[in-house]
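As stored in work22.cif (mmCIF, C-alpha atoms):
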data_query
#
loop_
_atom_site.label_atom_id
_atom_site.label_comp_id
_atom_site.auth_asym_id
_atom_site.auth_seq_id
_atom_site.Cartn_x
_atom_site.Cartn_y
_atom_site.Cartn_z
CA MET B 1 114.04 184.77 71.89
CA ALA B 2 114.47 181.29 73.26
CA THR B 3 116.12 178.75 71.05
CA ILE B 4 116.28 174.97 71.08
CA LYS B 5 119.22 172.80 70.12
CA LEU B 6 118.66 170.60 67.09
CA GLU B 7 120.83 167.62 66.35
CA ILE B 8 120.29 165.52 63.25
CA VAL B 9 122.19 162.24 63.39
CA SER B 10 122.49 159.67 60.62
CA PRO B 11 124.25 156.30 61.05
CA ASP B 12 127.43 157.69 59.53
CA LYS B 13 127.75 161.11 61.08
CA ILE B 14 126.19 164.05 62.84
CA VAL B 15 124.60 165.83 59.91
CA TYR B 16 123.48 169.03 61.51
CA SER B 17 123.74 170.65 64.88
CA ALA B 18 122.60 174.19 65.72
CA ASP B 19 120.39 176.30 67.95
CA ILE B 20 117.14 176.92 66.14
CA ASP B 21 113.83 178.70 66.66
CA MET B 22 111.43 176.09 65.38
CA LEU B 23 111.37 172.71 63.68
CA ILE B 24 108.50 171.45 61.55
CA VAL B 25 108.48 167.73 60.79
CA ARG B 26 106.11 165.21 59.30
CA SER B 27 105.63 162.37 61.75
CA THR B 28 103.93 159.06 61.08
CA ASP B 29 100.83 160.73 62.49
CA GLY B 30 100.93 164.09 60.73
CA GLU B 31 102.81 167.39 60.80
CA LEU B 32 104.31 168.60 64.05
CA GLY B 33 105.86 171.91 64.95
CA ILE B 34 108.39 171.94 67.76
CA LEU B 35 109.16 175.14 69.62
CA PRO B 36 111.64 175.65 72.47
CA HIS B 37 110.54 174.17 75.80
CA HIS B 38 108.40 171.56 74.14
CA ALA B 39 107.25 168.70 76.36
CA PRO B 40 109.33 165.50 76.01
CA LEU B 41 108.13 163.56 72.99
CA VAL B 42 109.11 160.60 70.84
CA THR B 43 107.69 159.97 67.40
CA GLY B 44 108.47 158.25 64.12
CA LEU B 45 109.21 160.27 61.00
CA VAL B 46 108.28 159.57 57.39
CA PRO B 47 110.62 160.51 54.51
CA HIS B 48 110.18 164.22 53.91
CA ALA B 49 111.95 167.57 53.99
CA MET B 50 112.07 168.98 57.51
CA ARG B 51 111.73 172.74 57.89
CA VAL B 52 114.23 174.29 60.24
CA LYS B 53 113.44 177.89 61.21
CA MET B 54 116.27 179.97 62.46
CA GLU B 55 116.73 183.72 62.77
CA GLY B 56 113.95 184.52 60.37
CA THR B 57 115.18 182.14 57.66
CA GLU B 58 114.00 178.69 56.81
CA LYS B 59 116.27 175.81 55.91
CA LEU B 60 115.14 172.49 54.52
CA VAL B 61 116.76 169.19 55.47
CA ALA B 62 115.84 165.96 53.71
CA VAL B 63 115.38 162.93 55.95
CA GLY B 64 114.62 159.41 54.79
CA GLY B 65 112.65 157.98 57.66
CA GLY B 66 113.70 157.65 61.25
CA PHE B 67 112.48 159.08 64.50
CA MET B 68 112.71 162.12 66.67
CA GLU B 69 113.20 162.57 70.37
CA VAL B 70 112.29 165.93 71.87
CA GLN B 71 113.41 167.27 75.21
CA PRO B 72 112.70 170.82 76.40
CA GLU B 73 116.22 171.97 75.51
CA LYS B 74 117.11 169.64 72.72
CA ILE B 75 115.69 167.86 69.68
CA SER B 76 117.45 164.72 68.41
CA VAL B 77 116.50 163.47 64.99
CA LEU B 78 117.77 159.98 64.18
CA ALA B 79 117.39 159.37 60.48
CA SER B 80 118.53 156.47 58.33
CA VAL B 81 119.49 159.13 55.77
CA ALA B 82 119.72 162.87 56.32
CA GLU B 83 121.05 165.38 53.83
CA LEU B 84 121.43 169.14 53.78
CA PRO B 85 120.42 170.81 50.51
CA GLU B 86 124.04 171.54 49.61
CA ASP B 87 124.92 167.83 49.87
CA ILE B 88 122.10 166.57 47.69
CA ASP B 89 122.85 165.34 44.20
CA ALA B 90 119.90 166.72 42.25
CA ASP B 91 120.41 164.56 39.16
CA ARG B 92 120.62 161.43 41.20
CA ALA B 93 117.49 162.29 43.14
CA ARG B 94 115.62 163.07 39.93
CA LYS B 95 116.71 159.83 38.31
CA SER B 96 115.81 157.78 41.33
CA MET B 97 112.40 159.47 41.42
CA GLU B 98 111.78 158.59 37.77
CA ARG B 99 112.90 155.04 38.25
CA ALA B 100 110.67 154.62 41.28
CA LYS B 101 107.73 156.09 39.39
CA GLN B 102 108.29 153.72 36.49
CA ARG B 103 108.49 150.77 38.80
CA ILE B 104 105.26 151.72 40.50
CA GLU B 105 103.58 152.20 37.10
CA ALA B 106 104.86 148.84 35.94
CA TYR B 107 103.59 147.24 39.09
CA LYS B 108 100.17 148.76 38.70
CA ALA B 109 100.04 147.74 35.05
CA GLY B 110 100.57 144.18 36.21
CA GLY B 111 101.96 141.59 33.84
CA GLU B 112 105.17 139.62 34.03
CA ALA B 113 107.29 142.37 35.55
CA ARG B 114 105.14 142.38 38.65
CA GLY B 115 106.99 139.58 40.38
CA ASP B 116 110.30 141.44 40.22
CA ILE B 117 109.03 144.63 41.80
CA ASN B 118 108.77 145.30 45.46
CA LEU B 119 106.06 147.93 45.65
CA LEU B 120 106.87 149.00 49.21
CA ARG B 121 110.48 149.49 48.32
CA ALA B 122 109.67 151.47 45.20
CA GLU B 123 107.30 153.71 47.11
CA ALA B 124 109.82 154.30 49.89
CA SER B 125 112.44 155.14 47.30
CA LEU B 126 110.03 157.57 45.61
CA GLN B 127 109.31 159.26 48.93
CA ARG B 128 113.00 159.66 49.66
CA ALA B 129 113.67 161.13 46.22
CA LEU B 130 110.76 163.55 46.60
CA ALA B 131 112.04 164.60 50.01
CA ARG B 132 115.44 165.37 48.52
CA LEU B 133 113.98 167.36 45.65
CA LYS B 134 111.74 169.23 48.05
CA ALA B 135 114.74 170.16 50.16
CA LEU B 136 116.44 171.48 47.05
CA GLY B 137 113.47 173.68 46.38
CA THR B 138 112.59 172.04 43.07
CA LYS B 139 109.24 170.56 42.30
CA GLY B 140 108.84 166.85 41.77
CA ASP B 141 107.26 167.36 38.35
CA ILE B 142 109.70 168.06 35.55
CA MET F 1 174.19 122.22 49.34
CA ALA F 2 172.28 124.92 47.48
CA SER F 3 174.23 126.61 44.75
CA LEU F 4 174.89 130.35 44.79
CA GLN F 5 172.34 130.89 42.06
CA ASP F 6 169.64 129.06 44.02
CA ILE F 7 170.23 131.22 47.07
CA ARG F 8 170.20 134.37 45.01
CA ARG F 9 166.87 133.36 43.51
CA ARG F 10 165.46 132.61 46.92
CA ILE F 11 166.50 136.00 48.27
CA LYS F 12 164.89 137.69 45.31
CA SER F 13 161.59 135.88 45.81
CA VAL F 14 161.52 136.61 49.54
CA LYS F 15 162.17 140.25 48.79
CA SER F 16 159.26 140.48 46.39
CA ILE F 17 156.98 138.73 48.90
CA GLN F 18 158.09 141.27 51.45
CA GLN F 19 157.19 144.09 49.10
CA ILE F 20 153.69 142.70 48.69
CA THR F 21 153.10 142.13 52.41
CA ASN F 22 154.44 145.58 53.14
CA ALA F 23 152.08 147.15 50.62
CA MET F 24 149.14 145.18 52.05
CA ASN F 25 150.13 146.32 55.50
CA MET F 26 150.04 149.94 54.46
CA VAL F 27 146.71 149.54 52.65
CA ALA F 28 145.19 147.85 55.70
CA THR F 29 146.54 150.57 57.98
CA SER F 30 144.94 153.37 56.03
CA ARG F 31 141.66 151.50 55.61
CA LEU F 32 141.65 150.68 59.29
CA ARG F 33 141.76 154.36 60.05
CA GLN F 34 138.67 154.90 57.90
CA ALA F 35 136.91 151.91 59.43
CA LYS F 36 137.67 153.13 62.94
CA GLU F 37 136.34 156.57 62.07
CA ALA F 38 133.17 155.02 60.68
CA ALA F 39 132.70 152.97 63.85
CA VAL F 40 133.20 156.05 66.00
CA ALA F 41 130.86 158.16 63.84
CA ASN F 42 128.15 155.53 64.22
CA LYS F 43 128.32 155.62 67.99
CA PRO F 44 126.06 158.63 68.72
CA TYR F 45 123.36 157.12 66.53
CA ALA F 46 123.62 153.64 68.01
CA ASP F 47 123.70 154.91 71.60
CA LYS F 48 120.71 157.18 71.13
CA MET F 49 118.79 154.40 69.43
CA ALA F 50 119.46 151.97 72.28
CA GLN F 51 118.53 154.56 74.86
CA VAL F 52 115.25 155.52 73.19
CA VAL F 53 114.24 151.91 72.57
CA SER F 54 114.78 151.00 76.20
CA ASP F 55 112.94 154.16 77.32
CA VAL F 56 109.99 153.33 75.12
CA ALA F 57 110.00 149.68 76.14
CA LYS F 58 109.69 150.70 79.78
CA ASN F 59 106.52 152.58 78.96
CA VAL F 60 104.86 149.78 77.10
CA THR F 61 102.91 147.00 78.69
CA ASP F 62 100.98 144.19 77.03
CA PHE F 63 102.53 144.92 73.75
CA SER F 64 102.57 142.44 70.93
CA HIS F 65 104.77 142.76 67.91
CA PRO F 66 105.90 140.09 65.45
CA LEU F 67 109.50 140.66 66.58
CA LEU F 68 108.66 140.06 70.24
CA GLU F 69 106.82 136.81 69.61
CA VAL F 70 108.39 133.53 70.57
CA TYR F 71 108.07 130.68 68.12
CA PRO F 72 108.94 127.58 70.13
CA GLY F 73 110.34 124.61 68.28
CA GLY F 74 111.65 126.74 65.46
CA LYS F 75 115.09 126.66 64.01
CA ARG F 76 118.07 128.61 65.19
CA LEU F 77 119.39 131.22 62.80
CA ILE F 78 122.97 132.40 63.06
CA LEU F 79 124.36 135.45 61.32
CA VAL F 80 128.13 135.10 60.91
CA MET F 81 130.40 137.94 59.88
CA THR F 82 133.76 137.10 58.35
CA SER F 83 135.96 138.52 55.63
CA ASP F 84 135.87 137.97 51.87
CA LYS F 85 139.61 137.72 51.56
CA GLY F 86 142.23 135.81 53.44
CA LEU F 87 145.65 136.95 54.66
CA ALA F 88 144.11 138.37 57.80
CA GLY F 89 145.62 135.97 60.28
CA ALA F 90 143.11 133.95 62.27
CA TYR F 91 140.37 136.57 61.90
CA SER F 92 137.86 134.54 59.90
CA SER F 93 138.64 131.19 61.47
CA ASN F 94 138.15 132.62 64.96
CA ALA F 95 134.73 133.98 64.04
CA ILE F 96 133.82 130.67 62.39
CA LYS F 97 134.96 128.73 65.45
CA GLU F 98 132.75 130.92 67.62
CA ALA F 99 129.82 130.35 65.26
CA VAL F 100 130.33 126.58 65.24
CA SER F 101 130.21 126.59 69.05
CA GLN F 102 126.75 128.15 68.78
CA VAL F 103 125.45 125.35 66.58
CA VAL F 104 123.73 122.86 68.86
CA ASP F 105 121.90 120.82 66.29
CA LYS F 106 123.30 121.04 62.79
CA GLY F 107 120.09 119.93 61.11
CA ASN F 108 118.09 122.51 62.97
CA THR F 109 120.31 125.50 62.28
CA GLN F 110 120.28 127.97 59.44
CA LEU F 111 123.08 130.36 58.68
CA ILE F 112 123.32 133.74 57.07
CA THR F 113 126.89 134.46 56.14
CA VAL F 114 128.64 137.73 55.52
CA GLY F 115 131.91 137.23 53.69
CA ARG F 116 133.21 134.55 51.39
CA LYS F 117 135.18 132.72 54.09
CA ALA F 118 132.14 131.83 56.20
CA ARG F 119 130.12 130.82 53.17
CA ASP F 120 132.85 128.49 51.90
CA TYR F 121 133.40 126.94 55.30
CA PHE F 122 129.77 126.26 56.11
CA SER F 123 128.52 125.27 52.68
CA ASN F 124 131.43 122.86 52.21
CA ARG F 125 130.52 121.15 55.45
CA GLY F 126 126.87 120.67 54.62
CA TYR F 127 125.39 123.38 56.83
CA ASP F 128 122.19 125.03 55.76
CA VAL F 129 123.38 128.42 54.49
CA CYS F 130 120.16 130.23 53.60
CA SER F 131 121.59 133.56 52.46
CA GLU F 132 125.01 134.95 51.82
CA TYR F 133 126.36 138.45 51.50
CA ILE F 134 129.59 138.90 49.59
CA GLY F 135 131.49 142.10 49.04
CA VAL F 136 130.22 144.00 52.06
CA SER F 137 132.61 142.96 54.80
CA GLU F 138 135.40 145.43 54.19
CA ARG F 139 133.37 148.59 53.75
CA PRO F 140 129.83 148.01 55.03
CA LYS F 141 127.09 150.45 54.10
CA PHE F 142 123.95 151.18 56.07
CA ASP F 143 121.90 149.72 53.20
CA ASN F 144 123.73 146.40 53.58
CA ALA F 145 122.66 146.26 57.21
CA LYS F 146 119.12 147.10 56.14
CA ASP F 147 119.04 144.26 53.61
CA ILE F 148 120.33 141.78 56.17
CA ALA F 149 117.86 142.96 58.80
CA GLU F 150 114.92 142.77 56.38
CA ASN F 151 115.95 139.29 55.43
CA ILE F 152 116.13 138.21 59.08
CA ILE F 153 112.83 139.87 59.98
CA GLU F 154 111.07 138.14 57.10
CA ARG F 155 112.38 134.75 58.11
CA PHE F 156 111.59 135.35 61.75
CA LYS F 157 108.05 136.50 61.03
CA SER F 158 107.36 133.37 59.00
CA GLY F 159 107.51 131.52 62.32
CA GLU F 160 110.11 128.91 61.43
CA ILE F 161 112.89 130.58 63.39
CA GLU F 162 112.95 130.49 67.17
CA GLU F 163 116.10 132.43 67.90
CA VAL F 164 118.50 134.59 65.95
CA TYR F 165 122.12 134.98 67.01
CA MET F 166 124.79 137.14 65.53
CA VAL F 167 128.49 136.27 65.60
CA TYR F 168 130.87 139.11 64.88
CA THR F 169 134.32 140.23 65.94
CA ARG F 170 134.40 143.11 68.35
CA PHE F 171 137.11 145.64 67.82
CA ILE F 172 138.70 146.49 71.15
CA SER F 173 142.02 147.83 69.98
CA ALA F 174 144.27 147.41 66.97
CA ILE F 175 145.87 144.36 68.58
CA ASN F 176 142.86 143.00 70.40
CA CYS F 177 139.77 141.73 68.60
CA VAL F 178 137.41 139.24 70.18
CA PRO F 179 134.72 137.16 68.47
CA GLU F 180 131.41 137.66 70.21
CA THR F 181 127.90 136.23 70.04
CA VAL F 182 124.85 138.43 70.51
CA LYS F 183 121.26 137.33 70.63
CA LEU F 184 119.27 139.42 68.16
CA LEU F 185 115.77 138.01 68.28
CA PRO F 186 113.38 137.69 69.99
CA PHE F 187 114.02 140.94 71.82
CA GLY F 188 114.08 139.28 75.22
CA ASN F 189 116.29 141.79 76.99
CA LEU F 190 113.80 144.60 76.45
CA ALA F 191 111.17 142.68 78.35
CA THR F 192 113.41 142.01 81.36
CA GLU F 193 114.47 145.62 81.54
CA GLU F 194 110.85 146.48 81.41
CA GLY F 195 110.11 144.23 84.36
CA GLU F 196 112.89 145.51 86.58
CA GLU F 197 112.53 149.19 86.01
CA LYS F 198 108.85 149.56 85.55
CA LYS F 199 108.67 152.17 88.28
CA ILE F 200 110.90 154.61 86.48
CA ARG F 201 108.58 156.05 83.92
CA SER F 202 109.90 158.76 81.73
CA GLU F 203 107.67 161.69 81.02
CA TYR F 204 107.66 161.33 77.28
CA ILE F 205 104.66 161.90 75.11
CA TYR F 206 104.45 159.24 72.43
CA GLU F 207 102.95 160.21 69.15
CA PRO F 208 100.60 158.45 68.33
CA ASN F 209 101.20 156.04 71.27
CA ALA F 210 104.05 154.15 72.90
CA ALA F 211 103.16 150.77 71.42
CA GLU F 212 103.12 152.08 67.88
CA VAL F 213 106.33 154.00 68.31
CA LEU F 214 107.96 150.85 69.67
CA GLY F 215 106.63 148.84 66.72
CA TYR F 216 108.18 151.39 64.43
CA LEU F 217 111.46 151.46 66.33
CA LEU F 218 112.16 147.75 66.75
CA PRO F 219 113.02 146.98 63.10
CA GLN F 220 115.22 150.08 62.99
CA TYR F 221 116.88 149.02 66.20
CA LEU F 222 117.74 145.68 64.61
CA VAL F 223 119.23 147.43 61.57
CA THR F 224 121.30 149.67 63.82
CA THR F 225 122.59 146.74 65.85
CA ILE F 226 123.61 144.88 62.72
CA TYR F 227 125.20 147.96 61.20
CA ALA F 228 127.24 148.61 64.33
CA ALA F 229 128.40 144.97 64.29
CA LEU F 230 129.34 145.19 60.60
CA LEU F 231 131.44 148.26 61.31
CA GLN F 232 133.15 146.56 64.26
CA ALA F 233 133.78 143.47 62.16
CA SER F 234 135.30 145.49 59.34
CA ALA F 235 137.61 147.34 61.73
CA SER F 236 138.61 143.98 63.26
CA GLU F 237 139.23 142.45 59.86
CA LEU F 238 141.49 145.29 58.81
CA SER F 239 143.39 145.35 62.07
CA SER F 240 143.94 141.57 61.88
CA ARG F 241 145.16 141.96 58.33
CA MET F 242 147.41 144.80 59.34
CA ASN F 243 148.97 142.74 62.14
CA ALA F 244 149.33 139.63 60.00
CA MET F 245 150.99 141.61 57.23
CA SER F 246 153.34 143.54 59.47
CA ASN F 247 154.43 140.24 61.05
CA ALA F 248 154.92 138.77 57.60
CA THR F 249 157.05 141.75 56.58
CA ASP F 250 159.19 141.40 59.70
CA ASN F 251 159.61 137.68 59.13
CA ALA F 252 160.61 138.27 55.53
CA GLN F 253 163.22 140.75 56.72
CA GLU F 254 164.63 138.19 59.12
CA LEU F 255 164.67 135.52 56.45
CA ILE F 256 166.47 137.83 54.04
CA ALA F 257 169.13 138.55 56.66
CA LYS F 258 169.67 134.82 57.24
CA LEU F 259 169.81 134.04 53.54
CA ASP F 260 172.27 136.89 52.96
CA LEU F 261 174.60 135.51 55.59
CA HIS F 262 174.27 132.04 54.15
CA TYR F 263 174.93 133.36 50.66
CA ASN F 264 178.10 135.12 51.78
CA LYS F 265 179.33 132.02 53.58
CA VAL F 266 178.77 129.83 50.55
CA ARG F 267 180.48 132.33 48.29
CA GLN F 268 183.44 132.63 50.64
CA ALA F 269 183.67 128.84 50.92
CA GLY F 270 183.84 128.69 47.11
CA ILE F 271 186.61 131.27 46.96
CA THR F 272 188.62 129.54 49.71
CA ARG F 273 188.25 126.22 47.96
CA GLU F 274 189.46 127.66 44.66
CA ILE F 275 192.49 129.23 46.34
CA THR F 276 193.35 125.96 48.04
CA GLU F 277 193.05 124.18 44.71
CA ILE F 278 195.33 126.69 42.95
CA VAL F 279 197.86 126.57 45.76
CA GLY F 280 197.65 122.78 45.81
CA GLY F 281 198.14 122.67 42.01
CA ALA F 282 201.15 125.02 42.20
CA GLU F 283 202.68 122.92 44.98
CA ALA F 284 202.29 119.77 42.89
CA LEU F 285 204.11 121.34 39.93
CA LYS F 286 207.21 122.14 42.04
#

structure tokens encoding of this file:
Amino acid sequence: MATIKLEIVSPDKIVYSADIDMLIVRSTDGELGILPHHAPLVTGLVPHAMRVKMEGTEKLVAVGGGFMEVQPEKISVLASVAELPEDIDADRARKSMERAKQRIEAYKAGGEARGDINLLRAEASLQRALARLKALGTKGDI
Amino acid sequence: MASLQDIRRRIKSVKSIQQITNAMNMVATSRLRQAKEAAVANKPYADKMAQVVSDVAKNVTDFSHPLLEVYPGGKRLILVMTSDKGLAGAYSSNAIKEAVSQVVDKGNTQLITVGRKARDYFSNRGYDVCSEYIGVSERPKFDNAKDIAENIIERFKSGEIEEVYMVYTRFISAINCVPETVKLLPFGNLATEEGEEKKIRSEYIYEPNAAEVLGYLLPQYLVTTIYAALLQASASELSSRMNAMSNATDNAQELIAKLDLHYNKVRQAGITREITEIVGGAEALK
């Protein structure tokens, strides 16, 4: 079966590089599945856990926003943060999710705290934490 | 003439200075290795980003984005990257000199400084330092670059800034670092590339469309550019410190050798004088 090369690059290193069967990502416009020999494509990615299918198994990789360039033989994912499940610190992700949730709650509740909270930032941080937890295979609700 | 004790004290103090400079040299050397690795590791990302942005820009016509707007009559914003700490030779002062040469009209220029040295220099001289970042210069993180970029984008979007320049020190080799100025905003160079190479259209599909992808990419491109510059600057800072400290260690060694010789001469002169005195005294008693 044909394979396609996947390369996930973050600003600090090449996170992942392998020949895979299929990649499923969530773009700014919805979910996309990329198979070998896909037409050239460029799209933005939202924070989520990408699904990498390879030899009958599925691997999850957390990305925190970025974009993807597809060529028939190669997929390049450029993410501001990208982590393989084995590199994710579950406790940290869980804590950051809780903190983000609290901040969003506090923002919605209004009051004095509102001025100190950047809603966009809190939401982005929540999304990143959820992506990490998803990649670990744990549910967001605990 | 200095007494023997004075010279001994002097030698001791030079030796302890040498120990410190030698230690700093070794610390800088090992950190430089890390900084160089970080700069190299960033390269695939930065290159790909630049390539994709220019590809996308070629496919976009009549595109408006807050970061491509021109706000005539606005201020000039300069981002200067220097070190927090001294003892790095002329590293910070060279970057500051370069930044000062970019200031045309002091009243109409705002500065964002990275590193304590730039902040102290510009705020002491009455420049308008609108933000400062301390504690990032030696080991920059991607999030630092993000903060700086967000700050710049916000100021630029408000319409009071016409141009944004960045002054950083490019790391060429361990003994060669050059301060450099780069224009960050507005993204003029994309437009010119677009004009020249309009015929070469790549076959990409843009999801949802090229303009939106470009709008999404531009802020990230800015972050990447700043991050790459921060990494270069940190490698330059450490290599300057390494050179300054290894020179200082060599100089201390030389000074110690000179002082040793001097010390021996003075001691010998003392002994000779004493002998002459004793001999002279014995002669007189005869």

Compute the set of chain F residues within 8 Å of chain B, using all atoms listed in the file, and express it as a ChimeraX atom specification.
-> /F:38,41-42,44-46,49,52,142,203-208,213,216-217,220,224

For CA of Val164 (chain F) and CA of Val103 (chain F), determine how far apart the two atoms are, in Å to one decimal place.
-> 11.6 Å

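Taken over the whole file, the PyMOL selection byres ((chain F and resi 112) around 10) covers exactly F:Leu77, F:Ile78, F:Leu79, F:Val80, F:Met81, F:Gln110, F:Leu111, F:Thr113, F:Val114, F:Gly115, F:Ala118, F:Arg119, F:Phe122, F:Asp128, F:Val129, F:Cys130, F:Ser131, F:Glu132, F:Tyr133, F:Ile148, F:Asn151, F:Ile152, F:Met166.
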
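Interatomic distance, CA of Ile104 (chain B) to CA of Gln127 (chain B): 12.0 Å.
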
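Comparing the minimum interatomic distances between Asn108 (chain F) and each of F:Val14, F:Asn243, F:Tyr227, F:Tyr127, counting all atoms listed in the file, we find that F:Tyr127 sits nearest.
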
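Proximity ranking of F:Ile153, F:Ala57, F:Val27, F:Ala50 relative to Ala210 (chain F) places F:Ala57 first, based on all atoms listed in the file.
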
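Residue selection for this entry, given the PyMOL selection byres ((chain B and resi 63) around 9), comprises Leu45, Val46, Pro47, His48, Ala49, Met50, Val61, Ala62, Gly64, Gly65, Gly66, Ala79, Ser80, Val81, Ala82, Glu83, Leu84, Arg128, Ala131 and Arg132 of chain B.
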
Chain and number of each residue from the PyMOL selection byres ((chain F and resi 90) around 12), as a PyMOL selection string = chain F and resi 82-83+85-89+91-97+117+169+177-179+236-241+243-244

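CA of Asp143 (chain F) lies 19.5 Å from CA of Lys48 (chain F).
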
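Using all atoms listed in the file, the smallest distance between any of F:Leu259, F:Val100, F:Ala229, F:Leu67 and Ser158 (chain F) comes from F:Leu67.
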
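With only C-alpha atoms taken into account, every residue lying no more than 12 Å from the file point (107.2, 158.0, 38.3) is included here: Arg94, Lys95, Ser96, Met97, Glu98, Arg99, Ala100, Lys101, Gln102, Arg103, Ile104, Glu105, Ala106, Tyr107, Lys108, Ala122, Glu123, Ser125, Leu126, Gln127, Ala129, Leu130, Gly140, Asp141 and Ile142 of chain B.
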
Residues within 9 Å of Leu230 (chain F), all atoms listed in the file, excluding chain neighbours under 5 positions, as a PDB file with C-alpha atoms, keeping the file's coordinate frame:
ATOM      1  CA  MET F  81     130.400 137.940  59.880  1.00  0.00           C
ATOM      2  CA  VAL F 136     130.220 144.000  52.060  1.00  0.00           C
ATOM      3  CA  SER F 137     132.610 142.960  54.800  1.00  0.00           C
ATOM      4  CA  GLU F 138     135.400 145.430  54.190  1.00  0.00           C
ATOM      5  CA  ARG F 139     133.370 148.590  53.750  1.00  0.00           C
ATOM      6  CA  PRO F 140     129.830 148.010  55.030  1.00  0.00           C
ATOM      7  CA  LYS F 141     127.090 150.450  54.100  1.00  0.00           C
ATOM      8  CA  ALA F 145     122.660 146.260  57.210  1.00  0.00           C
ATOM      9  CA  TYR F 168     130.870 139.110  64.880  1.00  0.00           C
ATOM     10  CA  THR F 169     134.320 140.230  65.940  1.00  0.00           C
ATOM     11  CA  THR F 225     122.590 146.740  65.850  1.00  0.00           C
ATOM     12  CA  ALA F 235     137.610 147.340  61.730  1.00  0.00           C
TER      13      ALA F 235
END
